[in-house]
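Q: Take this structure, written in structure tokens, and hold onto it; I'll ask about it next.
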Amino acid sequence: MLSAVERTMEQYILGLDDPEIFQLYQRLPSGKRLRAKLIIKIAGNGMKVIKTAAIVEMIHAASLLHDDVIDDADMRRRKPSLNALYGNKPAIMFGDILYSKAFFELADIDRRVARVISGAVVQLSQGELSDVALSQKFNTDQQKYMRMIYQKTASLIEASAEAAALLADKDPKPYRVYGRNLGLAFQMIDDLLDITSDALTLGKPALHDFAEGKCTLPYIYLYEALDGSDQVKLRSLHATQLTGSQQQWIMQMMHRHHIIPKCFAQARSLIDESISLMNDAGEGALSKIAREMIEREY
Ligand code: FPP
Ligand code: MG
């Protein structure tokens, strides 16, 4: 049914009647379509469901276009990002087109669904702003990190699950929690991958987040585990272009203090909670999606 989502997105873009926009659209890497999969698994494949899935994927794609400009990223999903190919201005404006067209279509779906999705996009934008603000300083506050990843990533996944439950006349509550946990775990794993994957596997340089100023969970835990002089050293490396030996030192410290398994266990416990929620609701297929998330190569 994912192909129906792809077709719907294509129709929305073709409806804009602008070949240049369609060309930009064709340059977008399609990604895993996690949010669309989730919506269809919860709500089936009715017309409104497919449209909601297409709308959410367009919003997600728009947010990544903007994020790559904000992060100055020249790769996305192992391909050159649109900002790298065409510059920041087309990437920003194409993002604007994608998400405003998505909202235009959302208005016709269902009032409750529209409120849930648009509310999440407000969160998403607040989360991105908070990500940028947090990366200006060396952040050691775990709560601030969790709140930021909830807003930046989990809110739209939570809203996707809730909107799908509403469309399917199911009790939205367990689906919300499922989506939230999945989203938090997804971002935690993404942040781990920045440390554990090499540039080739991940499509962006390793330890890129820290060089960019982002103190993700592994750095917060590492800082807590280090002694005074090593804490000073870690702080001094924050938001700098790391040399090979500095990268090695960070990796050594991560290994010595078992930081990667600690963060992974935290993501896994969120996933385990979602799996048991969905098993209780008789939604085996949703447990599978959650399991796949944790089984991403990290
Ligand atoms: C990726 O984070 C970023 C997000 C999940 C959210 C981005 C949100 C905005 C730019 C707000 C604007 C919203 C719209 C709809 C235009 P990351 O940089 O940690 O992940 P990455 O490694 O995949 O880049
Ligand atoms: Mg980014």
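Residues in the structure tokens are named by chain (A, B, ... in the order shown) and by number from 1 within that chain; ligands are numbered from 1 in the order shown.
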Output as JSON lines one row per residue of chain A within 7 Å of ligand 1: the closest atom pair and its distance in Å to one decimal place, counting only C-alpha atoms and all ligand atoms, sorted by chain and residue number ascending.
A:
{"residue": "A:Ile59", "atom": "CA", "partner": "ligand 1", "partner_atom_place_in_ligand_line": "15 (C)", "distance": 5.0}
{"residue": "A:His60", "atom": "CA", "partner": "ligand 1", "partner_atom_place_in_ligand_line": "15 (C)", "distance": 6.5}
{"residue": "A:Ala62", "atom": "CA", "partner": "ligand 1", "partner_atom_place_in_ligand_line": "16 (C)", "distance": 4.8}
{"residue": "A:Ser63", "atom": "CA", "partner": "ligand 1", "partner_atom_place_in_ligand_line": "14 (C)", "distance": 3.9}
{"residue": "A:Leu64", "atom": "CA", "partner": "ligand 1", "partner_atom_place_in_ligand_line": "7 (C)", "distance": 5.5}
{"residue": "A:His66", "atom": "CA", "partner": "ligand 1", "partner_atom_place_in_ligand_line": "10 (C)", "distance": 4.6}
{"residue": "A:Asp67", "atom": "CA", "partner": "ligand 1", "partner_atom_place_in_ligand_line": "10 (C)", "distance": 4.2}
{"residue": "A:Asp68", "atom": "CA", "partner": "ligand 1", "partner_atom_place_in_ligand_line": "24 (O)", "distance": 6.2}
{"residue": "A:Asp71", "atom": "CA", "partner": "ligand 1", "partner_atom_place_in_ligand_line": "18 (O)", "distance": 6.4}
{"residue": "A:Gly95", "atom": "CA", "partner": "ligand 1", "partner_atom_place_in_ligand_line": "16 (C)", "distance": 5.9}
{"residue": "A:Asp96", "atom": "CA", "partner": "ligand 1", "partner_atom_place_in_ligand_line": "16 (C)", "distance": 6.2}
{"residue": "A:Tyr99", "atom": "CA", "partner": "ligand 1", "partner_atom_place_in_ligand_line": "15 (C)", "distance": 5.6}
{"residue": "A:Val121", "atom": "CA", "partner": "ligand 1", "partner_atom_place_in_ligand_line": "15 (C)", "distance": 5.9}
{"residue": "A:Leu124", "atom": "CA", "partner": "ligand 1", "partner_atom_place_in_ligand_line": "8 (C)", "distance": 5.2}
{"residue": "A:Ser125", "atom": "CA", "partner": "ligand 1", "partner_atom_place_in_ligand_line": "11 (C)", "distance": 3.7}
{"residue": "A:Gly127", "atom": "CA", "partner": "ligand 1", "partner_atom_place_in_ligand_line": "8 (C)", "distance": 7.0}
{"residue": "A:Glu128", "atom": "CA", "partner": "ligand 1", "partner_atom_place_in_ligand_line": "8 (C)", "distance": 5.0}
{"residue": "A:Lys152", "atom": "CA", "partner": "ligand 1", "partner_atom_place_in_ligand_line": "6 (C)", "distance": 4.7}
{"residue": "A:Thr153", "atom": "CA", "partner": "ligand 1", "partner_atom_place_in_ligand_line": "5 (C)", "distance": 4.5}
{"residue": "A:Asp190", "atom": "CA", "partner": "ligand 1", "partner_atom_place_in_ligand_line": "22 (O)", "distance": 6.7}
Q: With segment 261-270 of chain A as the partner and 8 Å as the cut-off, tabulate the residues of segment 159-230 of chain A that qualify, each row holding the nearest pair of atoms and their distance in Å to one decimal, using only C-alpha atoms, sorted by chain and rising number, as a tab-separated table.
A:
residue	atom	partner	partner_atom	distance
A:Asn181	CA	A:Leu270	CA	5.3
A:Leu182	CA	A:Leu270	CA	7.1
A:Leu184	CA	A:Ala267	CA	7.5
A:Ala185	CA	A:Ala267	CA	4.6
A:Phe186	CA	A:Ala267	CA	7.8
A:Met188	CA	A:Ala267	CA	6.4
A:Ile189	CA	A:Ala267	CA	7.0
A:Leu192	CA	A:Cys263	CA	7.7
A:Leu217	CA	A:Cys263	CA	7.0
A:Pro218	CA	A:Cys263	CA	6.4
Q: Please produce a file of the residues just selected, as a PDB file, in the first residue's frame, where the atoms kept are N, CA, C and O atoms.
A:
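Result file is again.pdb:
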ATOM      1  N   ASN A 181       7.095   6.696  22.072  1.00  0.00           N
ATOM      2  CA  ASN A 181       8.259   5.867  22.431  1.00  0.00           C
ATOM      3  C   ASN A 181       9.107   5.530  21.211  1.00  0.00           C
ATOM      4  O   ASN A 181      10.334   5.569  21.256  1.00  0.00           O
ATOM      5  N   LEU A 182       8.395   5.184  20.144  1.00  0.00           N
ATOM      6  CA  LEU A 182       9.092   4.837  18.912  1.00  0.00           C
ATOM      7  C   LEU A 182       9.923   6.023  18.416  1.00  0.00           C
ATOM      8  O   LEU A 182      11.074   5.880  18.014  1.00  0.00           O
ATOM      9  N   LEU A 184      11.046   8.621  20.163  1.00  0.00           N
ATOM     10  CA  LEU A 184      12.180   8.918  21.059  1.00  0.00           C
ATOM     11  C   LEU A 184      13.312   7.931  20.784  1.00  0.00           C
ATOM     12  O   LEU A 184      14.478   8.323  20.640  1.00  0.00           O
ATOM     13  N   ALA A 185      12.940   6.635  20.693  1.00  0.00           N
ATOM     14  CA  ALA A 185      13.963   5.610  20.457  1.00  0.00           C
ATOM     15  C   ALA A 185      14.620   5.825  19.095  1.00  0.00           C
ATOM     16  O   ALA A 185      15.837   5.690  18.955  1.00  0.00           O
ATOM     17  N   PHE A 186      13.823   6.204  18.115  1.00  0.00           N
ATOM     18  CA  PHE A 186      14.357   6.438  16.771  1.00  0.00           C
ATOM     19  C   PHE A 186      15.446   7.505  16.802  1.00  0.00           C
ATOM     20  O   PHE A 186      16.536   7.330  16.261  1.00  0.00           O
ATOM     21  N   MET A 188      17.116   8.561  19.435  1.00  0.00           N
ATOM     22  CA  MET A 188      18.254   8.126  20.258  1.00  0.00           C
ATOM     23  C   MET A 188      19.183   7.221  19.441  1.00  0.00           C
ATOM     24  O   MET A 188      20.409   7.320  19.525  1.00  0.00           O
ATOM     25  N   ILE A 189      18.579   6.339  18.641  1.00  0.00           N
ATOM     26  CA  ILE A 189      19.401   5.450  17.814  1.00  0.00           C
ATOM     27  C   ILE A 189      20.109   6.257  16.722  1.00  0.00           C
ATOM     28  O   ILE A 189      21.287   6.048  16.430  1.00  0.00           O
ATOM     29  N   LEU A 192      23.024   7.729  18.193  1.00  0.00           N
ATOM     30  CA  LEU A 192      24.067   6.715  18.416  1.00  0.00           C
ATOM     31  C   LEU A 192      24.794   6.396  17.113  1.00  0.00           C
ATOM     32  O   LEU A 192      26.020   6.235  17.085  1.00  0.00           O
ATOM     33  N   LEU A 217      22.674  12.291  23.737  1.00  0.00           N
ATOM     34  CA  LEU A 217      22.698  11.509  24.979  1.00  0.00           C
ATOM     35  C   LEU A 217      24.057  10.846  25.284  1.00  0.00           C
ATOM     36  O   LEU A 217      24.527  10.898  26.428  1.00  0.00           O
ATOM     37  N   PRO A 218      24.723  10.221  24.288  1.00  0.00           N
ATOM     38  CA  PRO A 218      26.005   9.591  24.613  1.00  0.00           C
ATOM     39  C   PRO A 218      27.030  10.585  25.182  1.00  0.00           C
ATOM     40  O   PRO A 218      27.793  10.230  26.086  1.00  0.00           O
TER      41      PRO A 218
END
Q: With distances taken over only C-alpha atoms, which residue among A:Met47, A:Ala159, A:Leu167, A:Ile109 lies nearest Thr8 of chain A?
A: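 Closest to Thr8 of chain A, using only C-alpha atoms: A:Met47.
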Q: Let me make sure I understand: among A:Met9, A:Val69, A:Ile259, A:Ala285, which one has the smallest atom-to-atom distance to Ile39 of chain A if we use only C-alpha atoms?
A: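 Residue with the minimum atom-to-atom distance to Ile39 of chain A: A:Ala285.
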Q: Out of segment 48-101 of chain A, which residues get alpha helix (DSSP H) from DSSP, as an NGL selection string?
A: :A and (48-70 or 82-86 or 88-101)
Q: Take the residues from that selection and write them out as an mmCIF file, in the first residue's frame, keeping C-alpha atoms.
A:
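Below is the file result_21.cif, written as the result:
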data_model
loop_
_atom_site.group_PDB
_atom_site.id
_atom_site.type_symbol
_atom_site.label_atom_id
_atom_site.label_comp_id
_atom_site.auth_asym_id
_atom_site.auth_seq_id
_atom_site.Cartn_x
_atom_site.Cartn_y
_atom_site.Cartn_z
ATOM 1 C CA LYS A 48 -8.383 9.167 3.928
ATOM 2 C CA VAL A 49 -5.720 6.968 5.463
ATOM 3 C CA ILE A 50 -3.562 6.979 2.314
ATOM 4 C CA LYS A 51 -3.980 10.745 2.010
ATOM 5 C CA THR A 52 -3.017 11.273 5.654
ATOM 6 C CA ALA A 53 0.067 9.100 5.151
ATOM 7 C CA ALA A 54 1.058 11.101 2.046
ATOM 8 C CA ILE A 55 0.513 14.400 3.896
ATOM 9 C CA VAL A 56 2.642 13.323 6.853
ATOM 10 C CA GLU A 57 5.448 12.127 4.569
ATOM 11 C CA MET A 58 5.382 15.470 2.733
ATOM 12 C CA ILE A 59 5.613 17.353 6.030
ATOM 13 C CA HIS A 60 8.471 15.106 7.115
ATOM 14 C CA ALA A 61 10.308 15.637 3.812
ATOM 15 C CA ALA A 62 9.806 19.414 4.158
ATOM 16 C CA SER A 63 11.219 19.383 7.654
ATOM 17 C CA LEU A 64 14.325 17.492 6.481
ATOM 18 C CA LEU A 65 14.860 19.964 3.631
ATOM 19 C CA HIS A 66 14.884 22.786 6.148
ATOM 20 C CA ASP A 67 16.921 20.796 8.634
ATOM 21 C CA ASP A 68 19.669 20.181 6.066
ATOM 22 C CA VAL A 69 19.909 23.908 5.427
ATOM 23 C CA ILE A 70 19.985 24.628 9.169
ATOM 24 C CA LEU A 82 18.983 19.367 -2.201
ATOM 25 C CA ASN A 83 20.719 22.347 -0.603
ATOM 26 C CA ALA A 84 24.051 20.916 -1.745
ATOM 27 C CA LEU A 85 22.730 20.387 -5.281
ATOM 28 C CA TYR A 86 20.774 23.600 -5.809
ATOM 29 C CA ASN A 88 19.783 26.924 0.230
ATOM 30 C CA LYS A 89 17.123 29.109 -1.350
ATOM 31 C CA PRO A 90 15.473 26.471 -3.581
ATOM 32 C CA ALA A 91 15.734 23.910 -0.758
ATOM 33 C CA ILE A 92 13.949 26.218 1.704
ATOM 34 C CA MET A 93 11.259 27.256 -0.744
ATOM 35 C CA PHE A 94 10.637 23.727 -1.943
ATOM 36 C CA GLY A 95 10.234 22.754 1.718
ATOM 37 C CA ASP A 96 7.698 25.572 2.098
ATOM 38 C CA ILE A 97 5.791 24.329 -0.937
ATOM 39 C CA LEU A 98 5.728 20.744 0.311
ATOM 40 C CA TYR A 99 4.422 21.570 3.719
ATOM 41 C CA SER A 100 1.916 24.206 2.666
ATOM 42 C CA LYS A 101 0.496 21.844 0.027
#
